[in-house]
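For reference, coords.txt (compact mmCIF, C-alpha atoms):
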# COMPACT_ATOMS: atom_id res chain seq x y z
CA MET A 89 100.00 88.04 109.62
CA VAL A 90 101.08 91.69 109.79
CA VAL A 91 100.76 91.95 113.59
CA SER A 92 100.93 89.56 116.53
CA LEU A 93 97.58 88.32 117.82
CA GLU A 94 96.22 87.47 121.24
CA MET A 95 93.35 85.02 121.69
CA GLY A 96 91.94 82.25 123.86
CA TRP A 97 91.48 78.66 122.72
CA ARG A 98 88.52 77.03 124.50
CA HIS A 99 86.74 73.64 124.68
CA LEU A 100 89.21 71.69 122.55
CA LEU A 101 89.08 68.07 121.48
CA PHE A 102 92.29 66.45 120.22
CA GLU A 103 91.26 63.44 118.11
CA ASN A 104 94.40 61.55 117.06
CA TRP A 105 95.18 58.70 114.62
CA PRO A 106 98.51 56.98 113.86
CA ILE A 107 99.65 57.24 110.23
CA ASP A 108 102.52 55.58 108.37
CA PRO A 109 105.29 58.22 108.26
CA VAL A 110 105.99 57.37 104.62
CA VAL A 111 102.37 58.13 103.74
CA MET A 112 102.42 61.34 105.78
CA ASP A 113 105.60 62.49 104.06
CA THR A 114 103.82 62.47 100.68
CA HIS A 115 101.36 65.06 102.05
CA LEU A 116 103.99 67.49 103.32
CA PRO A 117 105.84 70.23 101.45
CA ASP A 118 109.59 69.91 100.90
CA GLY A 119 111.51 71.10 103.92
CA LEU A 120 109.23 69.55 106.55
CA GLU A 121 109.59 66.04 107.96
CA PRO A 122 106.99 63.98 109.83
CA ASP A 123 107.57 63.87 113.57
CA VAL A 124 106.91 60.40 115.01
CA PHE A 125 105.82 58.86 118.29
CA ASP A 126 105.96 55.08 118.77
CA GLY A 127 107.07 54.81 115.16
CA SER A 128 104.00 56.57 113.72
CA ALA A 129 103.22 59.98 112.35
CA TRP A 130 99.97 61.37 113.75
CA LEU A 131 96.96 63.01 112.17
CA SER A 132 94.66 65.07 114.41
CA VAL A 133 91.25 66.70 114.10
CA VAL A 134 90.77 69.56 116.57
CA PRO A 135 87.38 71.29 117.06
CA PHE A 136 87.27 74.27 119.44
CA THR A 137 86.44 77.94 119.62
CA ASN A 138 88.70 80.98 119.60
CA VAL A 139 87.65 83.77 121.96
CA ALA A 140 88.75 87.39 122.24
CA VAL A 141 90.81 87.31 119.03
CA ARG A 142 92.47 90.71 118.64
CA PRO A 143 95.81 92.40 117.85
CA LYS A 144 98.32 92.10 120.66
CA GLY A 145 97.82 94.84 123.25
CA VAL A 146 94.15 95.45 122.46
CA PRO A 147 91.82 94.79 125.45
CA ALA A 148 90.08 91.42 125.33
CA ARG A 149 86.63 93.03 125.35
CA PHE A 150 87.27 94.24 121.79
CA GLY A 151 88.12 90.76 120.50
CA VAL A 152 85.92 88.49 118.39
CA ARG A 153 84.80 84.88 118.82
CA LEU A 154 85.74 82.48 116.04
CA PRO A 155 84.67 78.79 116.19
CA GLU A 156 87.19 76.63 114.36
CA LEU A 157 87.98 73.10 113.24
CA ASN A 158 91.40 72.08 112.00
CA VAL A 159 93.21 69.05 110.61
CA ARG A 160 96.88 68.93 111.55
CA THR A 161 99.99 66.82 111.82
CA TYR A 162 103.31 67.04 113.64
CA VAL A 163 106.52 67.95 111.88
CA THR A 164 110.10 68.98 112.43
CA ARG A 165 112.35 71.44 110.66
CA ASP A 166 115.90 72.08 111.85
CA GLY A 167 115.11 69.98 114.91
CA THR A 168 112.17 72.12 116.09
CA PRO A 169 108.96 70.18 116.93
CA SER A 170 106.11 71.99 115.18
CA VAL A 171 102.60 71.69 113.74
CA TYR A 172 101.53 71.68 110.09
CA PHE A 173 97.90 72.40 109.13
CA PHE A 174 96.15 70.69 106.22
CA SER A 175 92.94 72.69 106.65
CA LEU A 176 91.29 75.11 109.06
CA ASP A 177 87.53 75.64 108.86
CA ALA A 178 86.24 78.76 110.61
CA GLN A 179 83.12 80.86 110.89
CA GLY A 180 83.98 84.45 110.04
CA ILE A 181 84.50 85.57 106.44
CA ALA A 182 86.80 88.49 107.28
CA SER A 183 88.95 86.33 109.55
CA VAL A 184 89.22 83.58 106.92
CA VAL A 185 90.27 86.05 104.23
CA GLY A 186 92.75 87.75 106.56
CA ALA A 187 94.34 84.46 107.64
CA ARG A 188 94.75 83.38 104.03
CA LEU A 189 96.28 86.69 102.94
CA PHE A 190 98.57 87.46 105.85
CA HIS A 191 99.27 84.10 107.45
CA HIS A 192 99.17 81.84 104.37
CA LEU A 193 97.00 79.37 106.24
CA PRO A 194 94.54 77.08 104.39
CA TYR A 195 91.43 78.54 106.02
CA PHE A 196 87.96 77.73 104.68
CA TYR A 197 84.72 79.47 105.50
CA ALA A 198 82.28 77.20 107.32
CA ARG A 199 79.05 77.40 109.28
CA ILE A 200 79.97 76.23 112.79
CA SER A 201 78.12 75.86 116.08
CA LEU A 202 79.57 74.95 119.49
CA GLU A 203 77.34 74.56 122.54
CA LEU A 204 77.75 73.12 126.04
CA VAL A 205 74.90 70.72 126.87
CA ASP A 206 74.86 68.66 130.08
CA GLY A 207 78.63 68.64 130.41
CA ARG A 208 79.26 67.78 126.77
CA VAL A 209 80.42 69.96 123.89
CA GLN A 210 78.06 69.75 120.92
CA PHE A 211 79.96 70.70 117.76
CA SER A 212 78.85 70.97 114.14
CA SER A 213 80.70 72.33 111.11
CA ARG A 214 79.75 72.44 107.43
CA ARG A 215 82.24 73.91 104.93
CA LEU A 216 80.69 76.52 102.62
CA HIS A 217 83.86 77.95 101.06
CA PRO A 218 83.39 78.63 97.31
CA GLY A 219 85.26 76.12 95.17
CA ALA A 220 86.45 73.99 98.11
CA ARG A 221 85.79 70.30 98.57
CA PRO A 222 82.80 69.88 100.91
CA ALA A 223 83.54 68.80 104.48
CA HIS A 224 81.11 68.11 107.30
CA TYR A 225 81.91 67.29 110.92
CA GLU A 226 79.34 66.71 113.63
CA GLY A 227 79.43 65.17 117.08
CA SER A 228 79.91 65.66 120.78
CA TYR A 229 82.84 65.23 123.17
CA TRP A 230 83.49 65.41 126.90
CA PRO A 231 86.17 64.83 129.56
CA THR A 232 86.13 61.43 131.27
CA GLY A 233 88.83 61.52 133.94
CA GLU A 234 91.06 63.65 136.09
CA PRO A 235 93.05 66.58 134.69
CA PHE A 236 96.79 66.26 134.18
CA ALA A 237 99.63 68.44 132.93
CA ALA A 238 100.49 67.50 129.35
CA PRO A 239 104.28 67.58 129.98
CA ASP A 240 103.78 64.78 132.53
CA GLU A 241 102.54 62.32 129.90
CA ALA A 242 104.80 61.53 126.93
CA PHE A 243 102.19 61.17 124.18
CA ALA A 244 100.16 64.16 125.31
CA GLU A 245 103.33 66.25 125.44
CA PHE A 246 104.19 65.14 121.89
CA LEU A 247 100.79 66.26 120.61
CA VAL A 248 100.25 69.61 122.29
CA GLU A 249 103.47 71.07 123.67
CA ARG A 250 104.48 72.67 120.37
CA TYR A 251 105.22 76.33 120.01
CA ARG A 252 105.61 76.83 116.26
CA PHE A 253 103.53 76.05 113.21
CA TYR A 254 104.53 75.99 109.57
CA THR A 255 102.58 76.87 106.45
CA GLU A 256 103.26 76.76 102.74
CA ALA A 257 102.71 80.09 100.95
CA PRO A 258 101.18 80.25 97.45
CA ASP A 259 104.68 80.78 96.01
CA GLY A 260 105.83 77.47 97.53
CA THR A 261 107.98 78.94 100.30
CA ILE A 262 107.75 77.68 103.87
CA ARG A 263 106.72 80.18 106.54
CA TYR A 264 106.37 79.86 110.29
CA THR A 265 104.58 81.44 113.22
CA ASP A 266 105.61 81.08 116.85
CA VAL A 267 102.98 80.72 119.56
CA ASP A 268 103.40 81.42 123.27
CA HIS A 269 101.23 79.94 126.01
CA GLU A 270 101.37 78.13 129.34
CA PRO A 271 101.67 74.32 129.35
CA TRP A 272 98.45 72.52 128.52
CA THR A 273 96.10 70.96 131.04
CA LEU A 274 94.36 67.95 129.48
CA TYR A 275 91.75 65.36 130.40
CA PRO A 276 91.15 61.88 129.04
CA ALA A 277 88.12 62.21 126.80
CA ALA A 278 85.43 60.40 124.88
CA ALA A 279 83.56 61.46 121.77
CA ASP A 280 80.55 60.50 119.71
CA ILE A 281 81.39 61.66 116.17
CA GLU A 282 78.33 61.21 113.99
CA ARG A 283 79.82 62.49 110.73
CA ASP A 284 83.34 63.33 109.59
CA THR A 285 84.34 63.92 105.96
CA LEU A 286 87.28 66.20 106.79
CA LEU A 287 90.02 63.63 106.29
CA SER A 288 88.80 62.58 102.85
CA ALA A 289 88.46 66.25 101.85
CA ASP A 290 92.15 66.66 102.78
CA GLY A 291 93.19 63.61 100.74
CA PHE A 292 93.51 61.01 103.52
CA ASP A 293 91.92 57.59 103.80
CA ARG A 294 90.20 57.25 107.14
CA PRO A 295 92.55 55.34 109.47
CA ASP A 296 91.56 51.98 110.90
CA GLY A 297 90.78 51.67 114.57
CA GLU A 298 89.66 54.14 117.17
CA PRO A 299 91.46 57.45 117.73
CA THR A 300 92.95 58.58 121.01
CA TYR A 301 91.04 61.51 122.55
CA TYR A 302 92.08 64.33 124.85
CA TYR A 303 90.01 67.30 126.01
CA SER A 304 91.16 70.69 127.26
CA PRO A 305 89.12 73.58 128.65
CA GLY A 306 91.69 75.80 126.97
CA LEU A 307 94.33 78.44 127.50
CA ASP A 308 95.37 81.91 126.28
CA VAL A 309 97.76 82.33 123.37
CA VAL A 310 99.93 84.94 121.70
CA ALA A 311 100.79 84.20 118.04
CA SER A 312 103.64 86.05 116.33
CA ARG A 313 103.53 87.46 112.84
CA SER A 314 104.28 85.10 109.96
CA GLU A 315 107.95 84.88 108.93
CA ARG A 316 109.75 83.27 106.00
CA ALA A 317 111.65 80.18 107.16
CA PRO A 318 115.46 80.50 106.97
CA GLY A 319 116.90 79.21 103.72
CA GLN A 320 113.79 80.02 101.69
CA THR A 321 114.34 82.16 98.59
Represent the structure from my file as structure tokens, please.
Amino acid sequence: MVVSLEMGWRHLLFENWPIDPVVMDTHLPDGLEPDVFDGSAWLSVVPFTNVAVRPKGVPARFGVRLPELNVRTYVTRDGTPSVYFFSLDAQGIASVVGARLFHHLPYFYARISLELVDGRVQFSSRRLHPGARPAHYEGSYWPTGEPFAAPDEAFAEFLVERYRFYTEAPDGTIRYTDVDHEPWTLYPAAADIERDTLLSADGFDRPDGEPTYYYSPGLDVVASRSERAPGQT
């Protein structure tokens, strides 16, 4: 990224599975370590929509909307809790190309729809990126309880109160971006996921059992430009 960006993240589902940390470590680049909670690494699928995406300082009315779906895990480097993305599917060819070039993120072009119907978010994504493994995700999700501040609940805080993400550039170096936002407000959530081939497309076996779900209506974010991690040559 050559400039900092401002945006809003809206109507998010955090769908979370425990993973053996040894297995997760085999999927991470050198220099990043799995972060664990209750002895497990965690793999998350996060559908949502970006709104008002624009360079920092530009009025929100000039921003663009960008529905997105990502697969992520939780890592540490030099003691900093962070996020690592395995894939990010998004609708918007120019945005996908820009994120790949300037932010070194594994973005894939997809056809995505997100609609609110009777209090539920209806979400559908089909990856159309040339040469990429196909991935299809379709379902609905909704809040089921009272809102709470993520820092007040240990597992929720572990998942969402992270203010840096790492990526691996094509030359093998590790890069990072810092993100700034208010603490998350979350709800307990339920979901009816009718189809999900994202995890297999990213090289994971589908975990046993049911995931843990959280929903958030969203918040506003500022993301810094991408920087080379210290110690990378």
Enumerate, in order of chain and increasing residue number, the residues of range 186-293 of chain A with an atom no farther than 8 Å from range 157-176 of chain A, each with its shortest atom pair and distance in Å to one decimal, counting all atoms listed in the file, as a tab-separated table.
residue	atom	partner	partner_atom	distance
A:Leu193	CA	A:Phe173	CA	7.6
A:Pro194	CA	A:Ser175	CA	5.2
A:Tyr195	CA	A:Leu176	CA	4.6
A:Phe196	CA	A:Leu176	CA	6.1
A:Ser213	CA	A:Leu157	CA	7.6
A:Leu247	CA	A:Tyr162	CA	7.5
A:Arg250	CA	A:Ser170	CA	5.5
A:Tyr251	CA	A:Ser170	CA	6.6
A:Arg252	CA	A:Ser170	CA	5.0
A:Phe253	CA	A:Val171	CA	4.5
A:Tyr254	CA	A:Tyr172	CA	5.3
A:Thr255	CA	A:Tyr172	CA	6.4
A:Leu286	CA	A:Val159	CA	7.6
A:Leu287	CA	A:Val159	CA	7.6
A:Asp290	CA	A:Phe174	CA	6.6
Who sits within 7 Å of Trp230 in chain A, all atoms listed in the file, same chain under 6 positions skipped, as a ChimeraX atom specification: /A:207-209,277-279,303
Resulting file, chosen residues, C-alpha atoms, as a short mmCIF file (atom, residue, chain, number, x, y, z; two decimals), keeping the file's coordinate frame:
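Saved file again.cif follows:
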data_model
loop_
_atom_site.label_atom_id
_atom_site.label_comp_id
_atom_site.auth_asym_id
_atom_site.auth_seq_id
_atom_site.Cartn_x
_atom_site.Cartn_y
_atom_site.Cartn_z
CA GLY A 207 78.63 68.64 130.41
CA ARG A 208 79.26 67.78 126.77
CA VAL A 209 80.42 69.96 123.89
CA ALA A 277 88.12 62.21 126.80
CA ALA A 278 85.43 60.40 124.88
CA ALA A 279 83.56 61.46 121.77
CA TYR A 303 90.01 67.30 126.01
#
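For the pair CA of Asp240 in chain A and CA of Leu204 in chain A, the separation is 28.1 Å.
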Nearby residues (all atoms listed in the file) at most 10 Å from Ile200 in chain A, same-chain spacing under 3 positions excluded, as a tab-separated table (two decimals) with C-alpha atoms, keeping the file's coordinate frame:
chain	number	residue	atom	x	y	z
A	135	PRO	CA	87.38	71.29	117.06
A	137	THR	CA	86.44	77.94	119.62
A	154	LEU	CA	85.74	82.48	116.04
A	155	PRO	CA	84.67	78.79	116.19
A	156	GLU	CA	87.19	76.63	114.36
A	157	LEU	CA	87.98	73.10	113.24
A	177	ASP	CA	87.53	75.64	108.86
A	178	ALA	CA	86.24	78.76	110.61
A	179	GLN	CA	83.12	80.86	110.89
A	180	GLY	CA	83.98	84.45	110.04
A	197	TYR	CA	84.72	79.47	105.50
A	211	PHE	CA	79.96	70.70	117.76
A	212	SER	CA	78.85	70.97	114.14
A	213	SER	CA	80.70	72.33	111.11
A	214	ARG	CA	79.75	72.44	107.43
A	215	ARG	CA	82.24	73.91	104.93
A	224	HIS	CA	81.11	68.11	107.30
A	225	TYR	CA	81.91	67.29	110.92
A	226	GLU	CA	79.34	66.71	113.63
Between CA of Thr232 in chain A and CA of Tyr275 in chain A, what is the distance in Å, rounded to a tenth? 6.9 Å
